[in-house]
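As stored in protein_15.cif (mmCIF, C-alpha atoms):
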data_target
loop_
_atom_site.group_PDB
_atom_site.id
_atom_site.type_symbol
_atom_site.label_atom_id
_atom_site.label_comp_id
_atom_site.auth_asym_id
_atom_site.auth_seq_id
_atom_site.Cartn_x
_atom_site.Cartn_y
_atom_site.Cartn_z
ATOM 1 C CA MET A 1 0.000 0.000 0.000
ATOM 2 C CA GLU A 2 1.355 3.459 -0.933
ATOM 3 C CA THR A 3 1.870 6.058 1.738
ATOM 4 C CA ALA A 4 2.225 9.818 1.533
ATOM 5 C CA THR A 5 5.877 9.478 2.578
ATOM 6 C CA GLU A 6 6.751 6.982 -0.161
ATOM 7 C CA ALA A 7 9.444 8.358 -2.449
ATOM 8 C CA ILE A 8 9.299 7.910 -6.199
ATOM 9 C CA ARG A 9 11.852 8.605 -8.886
ATOM 10 C CA ILE A 10 11.516 11.317 -11.490
ATOM 11 C CA GLY A 11 10.355 8.990 -14.267
ATOM 12 C CA GLU A 12 7.577 7.561 -12.143
ATOM 13 C CA LEU A 13 6.462 11.018 -11.050
ATOM 14 C CA ALA A 14 6.392 12.133 -14.678
ATOM 15 C CA GLU A 15 4.305 9.124 -15.670
ATOM 16 C CA ARG A 16 1.847 9.415 -12.771
ATOM 17 C CA ALA A 17 1.405 13.173 -13.212
ATOM 18 C CA GLY A 18 1.200 13.002 -17.009
ATOM 19 C CA VAL A 19 4.124 15.330 -17.703
ATOM 20 C CA SER A 20 7.608 14.984 -19.129
ATOM 21 C CA VAL A 21 10.744 14.506 -17.074
ATOM 22 C CA ARG A 22 11.925 17.761 -18.622
ATOM 23 C CA ALA A 23 8.896 19.566 -17.153
ATOM 24 C CA LEU A 24 9.743 18.210 -13.702
ATOM 25 C CA ARG A 25 13.316 19.440 -14.009
ATOM 26 C CA TYR A 26 11.950 22.853 -14.984
ATOM 27 C CA TYR A 27 9.666 22.885 -11.921
ATOM 28 C CA GLU A 28 12.668 22.028 -9.789
ATOM 29 C CA GLU A 29 14.703 24.869 -11.357
ATOM 30 C CA GLN A 30 11.822 27.251 -10.588
ATOM 31 C CA GLY A 31 11.812 26.144 -6.938
ATOM 32 C CA LEU A 32 8.371 24.546 -7.246
ATOM 33 C CA LEU A 33 9.622 21.035 -6.453
ATOM 34 C CA GLU A 34 12.323 20.114 -3.970
ATOM 35 C CA PRO A 35 13.308 16.470 -4.388
ATOM 36 C CA GLU A 36 15.556 14.610 -2.026
ATOM 37 C CA ARG A 37 18.589 12.870 -3.488
ATOM 38 C CA SER A 38 19.391 9.195 -3.153
ATOM 39 C CA PRO A 39 22.942 8.198 -2.195
ATOM 40 C CA SER A 40 23.580 7.721 -5.930
ATOM 41 C CA GLY A 41 22.247 11.211 -6.714
ATOM 42 C CA GLN A 42 18.857 10.248 -8.141
ATOM 43 C CA ARG A 43 15.974 12.609 -7.508
ATOM 44 C CA LEU A 44 13.398 11.203 -5.091
ATOM 45 C CA PHE A 45 10.020 12.893 -4.832
ATOM 46 C CA PRO A 46 7.310 12.429 -2.227
ATOM 47 C CA LEU A 47 4.259 10.679 -3.650
ATOM 48 C CA GLY A 48 2.246 13.814 -2.828
ATOM 49 C CA ASP A 49 4.133 15.635 -5.575
ATOM 50 C CA VAL A 50 1.931 13.877 -8.153
ATOM 51 C CA GLU A 51 -1.016 16.050 -7.107
ATOM 52 C CA ARG A 52 1.239 19.085 -6.773
ATOM 53 C CA VAL A 53 2.439 18.707 -10.375
ATOM 54 C CA ARG A 54 -1.153 18.304 -11.571
ATOM 55 C CA PHE A 55 -1.936 21.573 -9.795
ATOM 56 C CA PHE A 56 0.959 23.246 -11.643
ATOM 57 C CA GLN A 57 -0.384 21.946 -14.940
ATOM 58 C CA ASP A 58 -3.869 23.281 -14.185
ATOM 59 C CA MET A 59 -2.488 26.699 -13.282
ATOM 60 C CA TYR A 60 -0.269 26.855 -16.381
ATOM 61 C CA ALA A 61 -3.216 25.832 -18.555
ATOM 62 C CA ALA A 62 -5.162 28.705 -16.997
ATOM 63 C CA GLY A 63 -2.388 31.128 -17.971
ATOM 64 C CA LEU A 64 -0.546 31.595 -14.694
ATOM 65 C CA THR A 65 3.232 31.887 -14.716
ATOM 66 C CA SER A 66 5.784 29.988 -12.652
ATOM 67 C CA ALA A 67 6.144 33.084 -10.474
ATOM 68 C CA ASP A 68 2.379 33.135 -9.891
ATOM 69 C CA VAL A 69 2.370 29.459 -8.986
ATOM 70 C CA ALA A 70 5.312 29.972 -6.626
ATOM 71 C CA GLN A 71 3.366 32.783 -4.954
ATOM 72 C CA LEU A 72 0.391 30.441 -4.466
ATOM 73 C CA LEU A 73 2.274 27.528 -2.926
ATOM 74 C CA PRO A 74 2.546 28.994 0.574
ATOM 75 C CA CYS A 75 -1.197 29.745 0.484
ATOM 76 C CA ILE A 76 -1.969 26.134 -0.319
ATOM 77 C CA GLU A 77 0.455 24.729 2.218
ATOM 78 C CA THR A 78 -0.574 26.978 5.122
ATOM 79 C CA GLY A 79 -4.129 27.975 4.225
ATOM 80 C CA HIS A 80 -3.218 31.621 4.799
ATOM 81 C CA THR A 81 -2.724 34.533 2.429
ATOM 82 C CA ASP A 82 -1.504 38.081 2.659
ATOM 83 C CA ALA A 83 -3.158 41.063 0.962
ATOM 84 C CA GLU A 84 -0.965 40.806 -2.156
ATOM 85 C CA GLN A 85 -1.667 37.092 -2.571
ATOM 86 C CA ARG A 86 -5.412 37.668 -2.199
ATOM 87 C CA ARG A 87 -5.255 40.455 -4.782
ATOM 88 C CA MET A 88 -3.452 38.172 -7.212
ATOM 89 C CA LEU A 89 -5.881 35.304 -6.577
ATOM 90 C CA ARG A 90 -8.890 37.522 -7.229
ATOM 91 C CA ALA A 91 -7.338 39.073 -10.348
ATOM 92 C CA GLU A 92 -6.488 35.659 -11.763
ATOM 93 C CA ARG A 93 -9.965 34.364 -10.990
ATOM 94 C CA THR A 94 -11.502 37.323 -12.822
ATOM 95 C CA ARG A 95 -9.171 36.848 -15.798
ATOM 96 C CA ILE A 96 -9.907 33.118 -16.005
ATOM 97 C CA SER A 97 -13.645 33.718 -15.672
ATOM 98 C CA GLU A 98 -13.557 36.212 -18.534
ATOM 99 C CA LYS A 99 -11.541 33.790 -20.662
ATOM 100 C CA LEU A 100 -14.015 31.040 -19.850
ATOM 101 C CA GLU A 101 -16.876 33.207 -21.127
ATOM 102 C CA GLN A 102 -14.942 33.840 -24.351
ATOM 103 C CA LEU A 103 -14.353 30.115 -24.767
ATOM 104 C CA ARG A 104 -18.031 29.345 -24.126
ATOM 105 C CA ALA A 105 -19.008 31.837 -26.833
ATOM 106 C CA ALA A 106 -16.530 30.270 -29.262
ATOM 107 C CA LEU A 107 -17.844 26.808 -28.390
ATOM 108 C CA ALA A 108 -21.431 27.912 -29.040
ATOM 109 C CA ARG A 109 -20.421 29.301 -32.446
ATOM 110 C CA LEU A 110 -18.649 26.068 -33.337
ATOM 111 C CA ASP A 111 -21.700 24.070 -32.240
ATOM 112 C CA ARG A 112 -23.869 26.170 -34.558
ATOM 113 C CA ILE A 113 -21.503 25.631 -37.492
ATOM 114 C CA ILE A 114 -21.360 21.892 -36.803
ATOM 115 C CA ALA A 115 -25.161 21.737 -36.630
ATOM 116 C CA ILE A 116 -25.468 23.576 -39.960
ATOM 117 C CA THR A 117 -22.865 21.430 -41.689
ATOM 118 C CA ASP A 118 -24.368 18.220 -40.281
ATOM 119 C CA THR A 119 -27.709 19.081 -41.908
ATOM 120 C CA HIS A 120 -26.078 20.229 -45.173
ATOM 121 C CA PRO A 121 -23.167 17.863 -45.879
#
Can you give me the file's structure in the form of structure tokens?
Amino acid sequence: METATEAIRIGELAERAGVSVRALRYYEEQGLLEPERSPSGQRLFPLGDVERVRFFQDMYAAGLTSADVAQLLPCIETGHTDAEQRRMLRAERTRISEKLEQLRAALARLDRIIAITDTHP
């Protein structure tokens, strides 16, 4: 049975999180991941980093930068924010919400085109 303290190697983390090893090295360079090292120098990550990397991917997909994600990590880990972090969170939420509305409008237009072309092949 896996435990939260189980350590996994970089390849396994990449596979479980659905990212490349290169992406994990980038996250490490950005200070977003802090692996331990085995006696032979291999990176060892806590199993909990799978969910952490998925969070990074979600935030990047939403348009946040590595710096933004780094600013959010203490909030997630402690459950507390300062005024600047709350401002950034609210601004990003507004930006994402606006983008979501744009995407919904584009999706509706595509649905209309598909419906028209399905009836007139």
_Residues in the PyMOL selection byres ((chain A and resi 17) around 8), expressed as a ChimeraX atom specification_ = /A:13-16,18-19,50-51,53-54
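Among the candidates A:Phe45, A:Ala83, A:Pro35, A:Glu29, the residue lying nearest to A:Glu12 is A:Phe45 (atoms considered: only C-alpha atoms).
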*asked:* I need the residue nearest A:Glu6 from this list: A:Val21, A:Leu73, A:Leu44, A:Leu107. Use all atoms listed in the file for the distance.
replied: A:Leu44
*Provide the atom CA of A:Val69 to atom CA of A:Arg87 distance in Å, to one decimal place.*
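Those two atoms sit 14.0 Å apart.
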*In Å, how far is it from atom CA of A:Asp68 to atom CA of A:Gln42?*
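Between these atoms lies a distance of 28.3 Å.
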_Selection dump of the PyMOL selection byres ((chain A and resi 28) around 12), as a list in words_ = Ile10, Val21, Arg22, Ala23, Leu24, Arg25, Tyr26, Tyr27, Glu29, Gln30, Gly31, Leu32, Leu33, Glu34, Pro35, Glu36, Arg43, Leu44, Phe45, Asp49, Val53, Phe56, Ser66 and Ala70 of chain A
Once the PyMOL selection byres ((chain A and resi 64) around 12) is applied to the coordinates I shared, what remains selected? I want it as a PDB file with C-alpha atoms, in the coordinates of the input.
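selection_10.pdb written:
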ATOM      1  CA  PHE A  55      -1.936  21.573  -9.795  1.00  0.00           C
ATOM      2  CA  PHE A  56       0.959  23.246 -11.643  1.00  0.00           C
ATOM      3  CA  GLN A  57      -0.384  21.946 -14.940  1.00  0.00           C
ATOM      4  CA  ASP A  58      -3.869  23.281 -14.185  1.00  0.00           C
ATOM      5  CA  MET A  59      -2.488  26.699 -13.282  1.00  0.00           C
ATOM      6  CA  TYR A  60      -0.269  26.855 -16.381  1.00  0.00           C
ATOM      7  CA  ALA A  61      -3.216  25.832 -18.555  1.00  0.00           C
ATOM      8  CA  ALA A  62      -5.162  28.705 -16.997  1.00  0.00           C
ATOM      9  CA  GLY A  63      -2.388  31.128 -17.971  1.00  0.00           C
ATOM     10  CA  THR A  65       3.232  31.887 -14.716  1.00  0.00           C
ATOM     11  CA  SER A  66       5.784  29.988 -12.652  1.00  0.00           C
ATOM     12  CA  ALA A  67       6.144  33.084 -10.474  1.00  0.00           C
ATOM     13  CA  ASP A  68       2.379  33.135  -9.891  1.00  0.00           C
ATOM     14  CA  VAL A  69       2.370  29.459  -8.986  1.00  0.00           C
ATOM     15  CA  ALA A  70       5.312  29.972  -6.626  1.00  0.00           C
ATOM     16  CA  GLN A  71       3.366  32.783  -4.954  1.00  0.00           C
ATOM     17  CA  LEU A  72       0.391  30.441  -4.466  1.00  0.00           C
ATOM     18  CA  MET A  88      -3.452  38.172  -7.212  1.00  0.00           C
ATOM     19  CA  LEU A  89      -5.881  35.304  -6.577  1.00  0.00           C
ATOM     20  CA  ALA A  91      -7.338  39.073 -10.348  1.00  0.00           C
ATOM     21  CA  GLU A  92      -6.488  35.659 -11.763  1.00  0.00           C
ATOM     22  CA  ARG A  93      -9.965  34.364 -10.990  1.00  0.00           C
ATOM     23  CA  ARG A  95      -9.171  36.848 -15.798  1.00  0.00           C
ATOM     24  CA  ILE A  96      -9.907  33.118 -16.005  1.00  0.00           C
TER      25      ILE A  96
END
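Distances here use all atoms listed in the file; by that measure, the residue among A:Arg86, A:Arg9, A:His120, A:His80 closest to A:Leu47 is A:Arg9.
Rounded to one decimal, atom CA of A:Ala115 and atom CA of A:Gln102 lie 20.0 Å from each other.
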Enclose the full set of atoms of stretch 9-25 of chain A listed in the file within a box whose edges lie along x, y and z, apply 3 Å of padding to each of the six sides, and report centre and edge lengths in Å to one decimal as JSON.
{"center_x": 7.3, "center_y": 13.6, "center_z": -14.0, "size_x": 18.1, "size_y": 18.0, "size_z": 16.2}
